[in-house]
Amino acid sequence: MSGEEFVPLSLTPLLIGIFAAVACALPGNFLLLRKQALIGDAISHVVLPGIVVAFLLTGAISAAPMMLGAAGAAVVAVVLIEAIRRLGRIEPGAAMGVVFTTMFAGGVLLLEQTDTSSVHLDVEHALYGNLESLIWLDATGWSSLLDPQALAYLPVELSRMALTLLAVSLFIALFWRVLKISTFDEGFARTLGIRTNLLGLALVITAAVAAVAAFDAVGSIIVIAMFICPPAAARMMSNHLEGQVAWSVGFAVSSAVLGYVLAGYGPLWLGAQDAVSAAGMIATVSGLMLALTARFGPCRTRSGAPVGV
Amino acid sequence: MLMDALLLQLGYNATLVAIGATLLGISAGVTGTFLFLRKRALVSDAISHATLPGVCIAFILMASFGGDGRNLIGLLLGSAVSASAGLWCLNWLTRNTRLAEDAAIGSVLSVFFGFGIVLLTVIQTLGVGRQAGLEGFLLGSTAGMLWADAMVIAVGGAVTLLLILLIRRPMTMVAFDPEYAAARGLPVSKIDMAMMGLVMAVTVVGLKVVGLILIVALLIIPAVTARFWTERSDYVVLLAGLAGGLSAYVGAAMSASAPNLPTGPIIVLMSFALFLLSLLFAPNRGVLAAVLRHLRFQRRVHLRQGLLALAQGQPIYEKLTLRLLRRGGMVRADGVATNIGKARAAKALRDERRWAVVRSDHAHEAAAALYDGLRQIESVLTQDQISEIDRHIGGPKEVLA
């Protein structure tokens, strides 16, 4: 395929998909090891009411208030889950189930009650995003990458997602040591003076930021899949945290690329006319990778468990 | 309008939907209880999301064989097949790999749902038409429900309920203590599988009414709500069924009474309202009860400390203590002890002295362990024992001025 076609139509969605996948997979590694993997699921559900409330307050579809609304909703959800868990002495899974379903239902109800026919805001969009529409119309070929005029019209989602990825990576890199210690041995971390509660909250907020930014660009399916599948697949490949994170980034990037290509061109190869959902395909590919590693990965069994049982 | 809806006066269709939803709510609440007691509430989330590919595949198959792609029974069968595939993946991942159950839930949920979305777009591009109903499975839609659809839901809900009644005892035992159940010779894994099968049945039946994203709420919230009110598992099951049925009934009626009130979200919000009421006002486990308990405790501590201070002639500055003493008529407004106050204070001080004797004497070890600074000594020791202690302490002595 030539540059004239690839750069305007596929380069930016591909890059956005990759950035979103990696930004979610990085905190996902720690959430997975801390047995909080479903926080990503909960966050991606509660983002909807946040966005709807932000829309109702501002009356327009603009990125900043929506991101704020979504982030606010994520924090509210985390606080609510914790409050219900403590006040009602309920196990965390059930508390999570109560909170995210209720908030999601509230979001759907608000959406149905308001007139959003004039703007592009509906549940389906929130669920599976619209990766394919984030095209770069001003590009004419590879040369456009050096053309400041065309670069000015890059989709804003690209720079936003890149910034988010940068922020998430910085957080992980800066707090690597304490995160590692507190993830594997919380008691030991506390004796070292690490404030594990605060760190845990910071990790969840980082995950929420990544989820919200990715959600804005690509919908919540990728968010949930990328929080869990690449880290889970990476867990089967390595016994070291460094190795796991590296593998998970690899899995995230490759499922974004493979998924996007399969969604865009797979149906054409099969003789069909139109592309299928890229977000759904990326999730599917990451699931296939998990299935392969779960079957053949070198570190797939629990340590100490006999192989093949 | 709402009254009409609640009294089933809104016409044949709305009545049908309300009855079907109620049966579904009851069986979801009852089934969810076992899931919740087994601490596997979120497994239902994976199951419900895993139904989507099955719905789509069933639609494609039925449409490509020339039938009506929207035949509800066919779609529900398809969803049951893919939900059981999802459940199998989930169990395989937790049993054969190092992944914890939450990670397995998350991966099954996202991957199956993602694949379902892919299939949804495939259906859109196939252009077989009349696929509009499929999106209704995401969030549920009762608007255009046919009589046959409502019958499927009502019968499905009733059958599930019956099955639960049949196997509720072994399920309860497995939920509380799987090891003990295994030792008693119960086939734990089979019962677990039956439980998951029931969850799947409820999910599949509920797809049309509340949609696959929100059916989880119907399974989890009523059970959690019921748990606040009682400590007995059979009552929890009953109450959860009641809460589920009530919220489904009121939710379905409300959504029929006005436009733009989607059934699923209304039902979920109704059951959350019940949950919130229980969280706040349930006796014993509720927040209000806990606050009252705390306040009562606080008052007892303050009163006791105030009386001891009075007895020893120490000044009291603490406002709550003063207020409590004054309200009990134990001190006057200027802070001087009344006769009642003096008597109570002397008794408190004497009790404290008696406790000191009890705690220094090994013979009273069991009683001494109950000392917490508040307990009445009469509630621990007999009158004879107390007189024995009083002999140790001796009678009142003159205080030198």
# chains A, B, ... in the order shown; residues from 1 in each chain; ligands from 1
$ interface_residues --of "chain A" --to "chain B" --cutoff "6 Å" --atoms "only C-alpha atoms" --output "list in words"
Ala37, Ala94, Val98, Thr101, Ala105, Glu112, Gln113, Ile224, Ala225, Ile228, Cys229, Val276, Ser277, Gly280, Ala283, Thr284, Gly287, Arg300, Thr301 and Arg302 of chain A
$ write_last_selection --atoms "all heavy atoms" --output "short mmCIF file (atom, residue, chain, number, x, y, z; two decimals), in the first residue's frame"
data_model
loop_
_atom_site.label_atom_id
_atom_site.label_comp_id
_atom_site.auth_asym_id
_atom_site.auth_seq_id
_atom_site.Cartn_x
_atom_site.Cartn_y
_atom_site.Cartn_z
N ALA A 37 -7.70 -6.28 39.05
CA ALA A 37 -7.81 -6.19 37.60
C ALA A 37 -9.15 -5.60 37.16
O ALA A 37 -9.23 -4.93 36.13
CB ALA A 37 -7.64 -7.58 36.99
N ALA A 94 -18.49 -7.56 45.09
CA ALA A 94 -19.91 -7.21 45.09
C ALA A 94 -20.08 -5.70 45.18
O ALA A 94 -20.95 -5.12 44.51
CB ALA A 94 -20.62 -7.90 46.24
N VAL A 98 -22.14 -3.39 42.56
CA VAL A 98 -23.23 -2.48 42.90
C VAL A 98 -22.96 -1.11 42.30
O VAL A 98 -23.83 -0.50 41.65
CB VAL A 98 -23.38 -2.37 44.43
CG1 VAL A 98 -24.35 -1.26 44.79
CG2 VAL A 98 -23.85 -3.68 45.02
N THR A 101 -22.58 -0.80 38.06
CA THR A 101 -23.83 -0.99 37.32
C THR A 101 -24.79 0.17 37.57
O THR A 101 -25.44 0.64 36.65
CB THR A 101 -24.51 -2.30 37.71
OG1 THR A 101 -24.61 -2.35 39.12
CG2 THR A 101 -23.76 -3.49 37.23
N ALA A 105 -26.14 2.65 34.78
CA ALA A 105 -27.58 2.79 34.54
C ALA A 105 -27.98 4.26 34.61
O ALA A 105 -28.77 4.75 33.79
CB ALA A 105 -28.35 1.97 35.57
N GLU A 112 -30.77 9.07 27.83
CA GLU A 112 -32.07 8.92 27.19
C GLU A 112 -32.97 10.12 27.47
O GLU A 112 -33.82 10.47 26.66
CB GLU A 112 -32.76 7.64 27.70
CG GLU A 112 -32.06 6.36 27.32
CD GLU A 112 -32.35 5.95 25.89
OE1 GLU A 112 -33.43 6.29 25.39
OE2 GLU A 112 -31.48 5.31 25.28
N GLN A 113 -32.79 10.70 28.64
CA GLN A 113 -33.66 11.81 29.04
C GLN A 113 -33.30 13.12 28.36
O GLN A 113 -34.13 14.00 28.22
CB GLN A 113 -33.60 12.00 30.56
CG GLN A 113 -34.33 10.92 31.32
CD GLN A 113 -35.83 11.10 31.29
OE1 GLN A 113 -36.36 12.10 31.74
NE2 GLN A 113 -36.53 10.14 30.72
N ILE A 224 -10.91 -1.94 28.61
CA ILE A 224 -10.99 -3.11 29.49
C ILE A 224 -10.03 -4.19 29.02
O ILE A 224 -9.29 -4.79 29.80
CB ILE A 224 -12.42 -3.68 29.53
CG1 ILE A 224 -13.41 -2.57 29.80
CG2 ILE A 224 -12.53 -4.74 30.58
CD1 ILE A 224 -14.84 -3.02 29.73
N ALA A 225 -10.04 -4.44 27.71
CA ALA A 225 -9.19 -5.51 27.18
C ALA A 225 -7.72 -5.22 27.43
O ALA A 225 -6.96 -6.11 27.83
CB ALA A 225 -9.45 -5.70 25.69
N ILE A 228 -6.26 -5.71 30.93
CA ILE A 228 -6.12 -7.06 31.47
C ILE A 228 -5.37 -8.02 30.54
O ILE A 228 -4.44 -8.69 30.97
CB ILE A 228 -7.51 -7.63 31.80
CG1 ILE A 228 -8.15 -6.74 32.86
CG2 ILE A 228 -7.39 -9.05 32.31
CD1 ILE A 228 -9.53 -7.14 33.22
N CYS A 229 -5.76 -8.07 29.26
CA CYS A 229 -5.21 -9.15 28.42
C CYS A 229 -3.69 -9.09 28.24
O CYS A 229 -3.03 -10.11 28.48
CB CYS A 229 -5.93 -9.18 27.09
SG CYS A 229 -7.62 -9.71 27.26
N VAL A 276 -14.65 -4.03 9.63
CA VAL A 276 -15.39 -4.27 10.87
C VAL A 276 -14.80 -3.40 11.97
O VAL A 276 -13.80 -2.71 11.76
CB VAL A 276 -15.36 -5.75 11.28
CG1 VAL A 276 -16.07 -6.59 10.26
CG2 VAL A 276 -13.95 -6.21 11.49
N SER A 277 -15.41 -3.45 13.16
CA SER A 277 -14.99 -2.58 14.26
C SER A 277 -13.54 -2.86 14.66
O SER A 277 -13.17 -3.97 15.01
CB SER A 277 -15.89 -2.83 15.46
OG SER A 277 -15.27 -2.34 16.63
N GLY A 280 -13.18 -3.63 18.53
CA GLY A 280 -13.55 -5.00 18.86
C GLY A 280 -12.48 -5.98 18.40
O GLY A 280 -12.15 -6.94 19.09
N ALA A 283 -9.46 -6.02 20.67
CA ALA A 283 -9.75 -6.80 21.88
C ALA A 283 -9.69 -8.29 21.57
O ALA A 283 -9.13 -9.09 22.33
CB ALA A 283 -11.12 -6.42 22.43
N THR A 284 -10.27 -8.68 20.43
CA THR A 284 -10.27 -10.09 20.06
C THR A 284 -8.85 -10.62 19.89
O THR A 284 -8.52 -11.71 20.40
CB THR A 284 -11.04 -10.28 18.74
OG1 THR A 284 -12.28 -9.60 18.84
CG2 THR A 284 -11.29 -11.74 18.47
N GLY A 287 -7.16 -11.18 23.04
CA GLY A 287 -7.67 -12.40 23.67
C GLY A 287 -7.04 -13.64 23.07
O GLY A 287 -6.69 -14.58 23.80
N ARG A 300 3.27 -20.40 32.65
CA ARG A 300 1.82 -20.27 32.75
C ARG A 300 1.25 -20.87 34.04
O ARG A 300 0.19 -20.49 34.47
CB ARG A 300 1.15 -20.94 31.56
CG ARG A 300 1.39 -22.41 31.44
CD ARG A 300 0.74 -22.95 30.19
NE ARG A 300 0.89 -24.39 30.09
CZ ARG A 300 1.96 -25.01 29.64
NH1 ARG A 300 2.99 -24.29 29.26
NH2 ARG A 300 2.02 -26.31 29.58
N THR A 301 1.96 -21.82 34.65
CA THR A 301 1.38 -22.45 35.84
C THR A 301 1.71 -21.66 37.09
O THR A 301 2.64 -20.86 37.11
CB THR A 301 1.90 -23.88 36.01
OG1 THR A 301 3.31 -23.83 35.91
CG2 THR A 301 1.34 -24.78 34.94
N ARG A 302 0.96 -21.91 38.15
CA ARG A 302 1.29 -21.32 39.44
C ARG A 302 2.61 -21.90 39.89
O ARG A 302 2.89 -23.07 39.68
CB ARG A 302 0.21 -21.66 40.46
CG ARG A 302 -1.05 -20.92 40.20
CD ARG A 302 -2.04 -20.99 41.33
NE ARG A 302 -3.21 -20.22 40.93
CZ ARG A 302 -4.22 -20.74 40.24
NH1 ARG A 302 -4.21 -22.01 39.92
NH2 ARG A 302 -5.24 -19.97 39.90
#
$ residues_around --residues "Val301 of chain B" --least-positions-apart "3" --cutoff "12 Å" --atoms "only C-alpha atoms" --output "ChimeraX atom specification"
/B:294-298,304-308,320-321,324-325,372-375
$ write_last_selection --atoms "C-alpha atoms" --output "PDB file, in the first residue's frame"
ATOM      1  CA  HIS B 294     -21.466   4.341  68.654  1.00  0.00           C
ATOM      2  CA  LEU B 295     -23.325   7.261  70.254  1.00  0.00           C
ATOM      3  CA  ARG B 296     -24.772   5.023  72.946  1.00  0.00           C
ATOM      4  CA  PHE B 297     -21.328   3.699  73.729  1.00  0.00           C
ATOM      5  CA  GLN B 298     -19.912   7.214  73.810  1.00  0.00           C
ATOM      6  CA  ARG B 304     -18.940   6.635  83.751  1.00  0.00           C
ATOM      7  CA  GLN B 305     -15.904   8.884  83.580  1.00  0.00           C
ATOM      8  CA  GLY B 306     -17.984  11.833  84.795  1.00  0.00           C
ATOM      9  CA  LEU B 307     -19.242   9.872  87.812  1.00  0.00           C
ATOM     10  CA  LEU B 308     -15.723   8.742  88.698  1.00  0.00           C
ATOM     11  CA  LEU B 320     -20.792  16.287  76.759  1.00  0.00           C
ATOM     12  CA  THR B 321     -20.051  14.750  80.156  1.00  0.00           C
ATOM     13  CA  LEU B 324     -25.179  14.032  80.396  1.00  0.00           C
ATOM     14  CA  LEU B 325     -24.737  14.419  84.153  1.00  0.00           C
ATOM     15  CA  ASP B 372     -13.790  -2.976  80.028  1.00  0.00           C
ATOM     16  CA  GLY B 373     -14.380  -0.010  82.331  1.00  0.00           C
ATOM     17  CA  LEU B 374     -18.120   0.000  81.638  1.00  0.00           C
ATOM     18  CA  ARG B 375     -19.510  -3.360  82.630  1.00  0.00           C
TER      19      ARG B 375
END
$ residues_around --residues "Asp234 of chain B" --least-positions-apart "2" --cutoff "12 Å" --atoms "only C-alpha atoms" --output "list in words"
Val30, Thr33, Phe34, Leu37, Leu165, Arg168, Arg169, Met171, Thr172, Met173, Ala223, Ala226, Arg227, Trp229, Thr230, Glu231, Arg232, Val236, Val237, Leu238, Leu239, Ala240 and Gly241 of chain B
$ residues_around --residues "Ala333 of chain B" --least-positions-apart "6" --cutoff "10 Å" --atoms "only C-alpha atoms" --output "PDB file with all heavy atoms, in the first residue's frame"
ATOM      1  N   LEU B 322     -20.679  16.887  81.120  1.00  0.00           N
ATOM      2  CA  LEU B 322     -21.488  17.780  81.958  1.00  0.00           C
ATOM      3  C   LEU B 322     -22.953  17.704  81.563  1.00  0.00           C
ATOM      4  O   LEU B 322     -23.844  17.623  82.416  1.00  0.00           O
ATOM      5  CB  LEU B 322     -20.998  19.221  81.802  1.00  0.00           C
ATOM      6  CG  LEU B 322     -19.843  19.612  82.727  1.00  0.00           C
ATOM      7  CD1 LEU B 322     -19.422  21.027  82.452  1.00  0.00           C
ATOM      8  CD2 LEU B 322     -20.274  19.452  84.174  1.00  0.00           C
ATOM      9  N   ARG B 323     -23.200  17.723  80.237  1.00  0.00           N
ATOM     10  CA  ARG B 323     -24.589  17.728  79.778  1.00  0.00           C
ATOM     11  C   ARG B 323     -25.292  16.429  80.194  1.00  0.00           C
ATOM     12  O   ARG B 323     -26.432  16.457  80.663  1.00  0.00           O
ATOM     13  CB  ARG B 323     -24.618  17.873  78.252  1.00  0.00           C
ATOM     14  CG  ARG B 323     -25.921  18.477  77.772  1.00  0.00           C
ATOM     15  CD  ARG B 323     -25.819  18.993  76.359  1.00  0.00           C
ATOM     16  NE  ARG B 323     -25.482  17.969  75.395  1.00  0.00           N
ATOM     17  CZ  ARG B 323     -24.474  18.064  74.539  1.00  0.00           C
ATOM     18  NH1 ARG B 323     -23.695  19.140  74.545  1.00  0.00           N
ATOM     19  NH2 ARG B 323     -24.246  17.110  73.672  1.00  0.00           N
ATOM     20  N   LEU B 325     -24.537  14.454  82.701  1.00  0.00           N
ATOM     21  CA  LEU B 325     -24.737  14.419  84.153  1.00  0.00           C
ATOM     22  C   LEU B 325     -25.910  15.310  84.544  1.00  0.00           C
ATOM     23  O   LEU B 325     -26.735  14.955  85.381  1.00  0.00           O
ATOM     24  CB  LEU B 325     -23.473  14.893  84.857  1.00  0.00           C
ATOM     25  CG  LEU B 325     -22.300  13.911  84.829  1.00  0.00           C
ATOM     26  CD1 LEU B 325     -21.059  14.554  85.424  1.00  0.00           C
ATOM     27  CD2 LEU B 325     -22.648  12.649  85.594  1.00  0.00           C
ATOM     28  N   ARG B 326     -25.981  16.483  83.891  1.00  0.00           N
ATOM     29  CA  ARG B 326     -27.036  17.427  84.236  1.00  0.00           C
ATOM     30  C   ARG B 326     -28.396  16.851  83.845  1.00  0.00           C
ATOM     31  O   ARG B 326     -29.359  16.946  84.597  1.00  0.00           O
ATOM     32  CB  ARG B 326     -26.805  18.744  83.486  1.00  0.00           C
ATOM     33  CG  ARG B 326     -27.114  19.969  84.343  1.00  0.00           C
ATOM     34  CD  ARG B 326     -26.708  21.235  83.618  1.00  0.00           C
ATOM     35  NE  ARG B 326     -25.267  21.423  83.607  1.00  0.00           N
ATOM     36  CZ  ARG B 326     -24.605  21.926  82.568  1.00  0.00           C
ATOM     37  NH1 ARG B 326     -25.236  22.249  81.455  1.00  0.00           N
ATOM     38  NH2 ARG B 326     -23.314  22.102  82.639  1.00  0.00           N
ATOM     39  N   ARG B 327     -28.432  16.227  82.649  1.00  0.00           N
ATOM     40  CA  ARG B 327     -29.698  15.680  82.184  1.00  0.00           C
ATOM     41  C   ARG B 327     -30.174  14.570  83.114  1.00  0.00           C
ATOM     42  O   ARG B 327     -31.360  14.386  83.335  1.00  0.00           O
ATOM     43  CB  ARG B 327     -29.552  15.156  80.753  1.00  0.00           C
ATOM     44  CG  ARG B 327     -30.879  15.177  80.001  1.00  0.00           C
ATOM     45  CD  ARG B 327     -30.740  14.518  78.654  1.00  0.00           C
ATOM     46  NE  ARG B 327     -29.788  15.196  77.777  1.00  0.00           N
ATOM     47  CZ  ARG B 327     -29.126  14.588  76.793  1.00  0.00           C
ATOM     48  NH1 ARG B 327     -29.286  13.291  76.596  1.00  0.00           N
ATOM     49  NH2 ARG B 327     -28.305  15.262  76.026  1.00  0.00           N
TER      50      ARG B 327
END
$ residues_around --residues "Gly341 of chain B" --least-positions-apart "6" --cutoff "9 Å" --atoms "only C-alpha atoms" --output "JSON, numbers by chain"
{"B": [307, 310, 311, 325, 328, 329, 330, 331]}
$ select_by_dssp --residues "segment 76-245 of chain B" --states "helix (DSSP H, G or I)" --output "ChimeraX atom specification"
/B:76-96,101-126,132-139,147-166,168-176,178-183,188-210,215-227,233-245
$ atom_distance --atom1 "atom CA of Phe6 of chain A" --atom2 "atom CA of Ala246 of chain A"
28.2 Å
$ atom_distance --atom1 "atom CA of Ala83 of chain B" --atom2 "atom CA of Ile39 of chain A"
22.3 Å
$ atom_distance --atom1 "atom CA of Ala282 of chain B" --atom2 "atom CA of Gly93 of chain A"
21.3 Å
$ residues_around --residues "segment 147-153 of chain B" --least-positions-apart "2" --cutoff "12 Å" --atoms "only C-alpha atoms" --output "PyMOL selection string"
chain B and resi 12-25+27+70-77+141-145+155-160+201-210
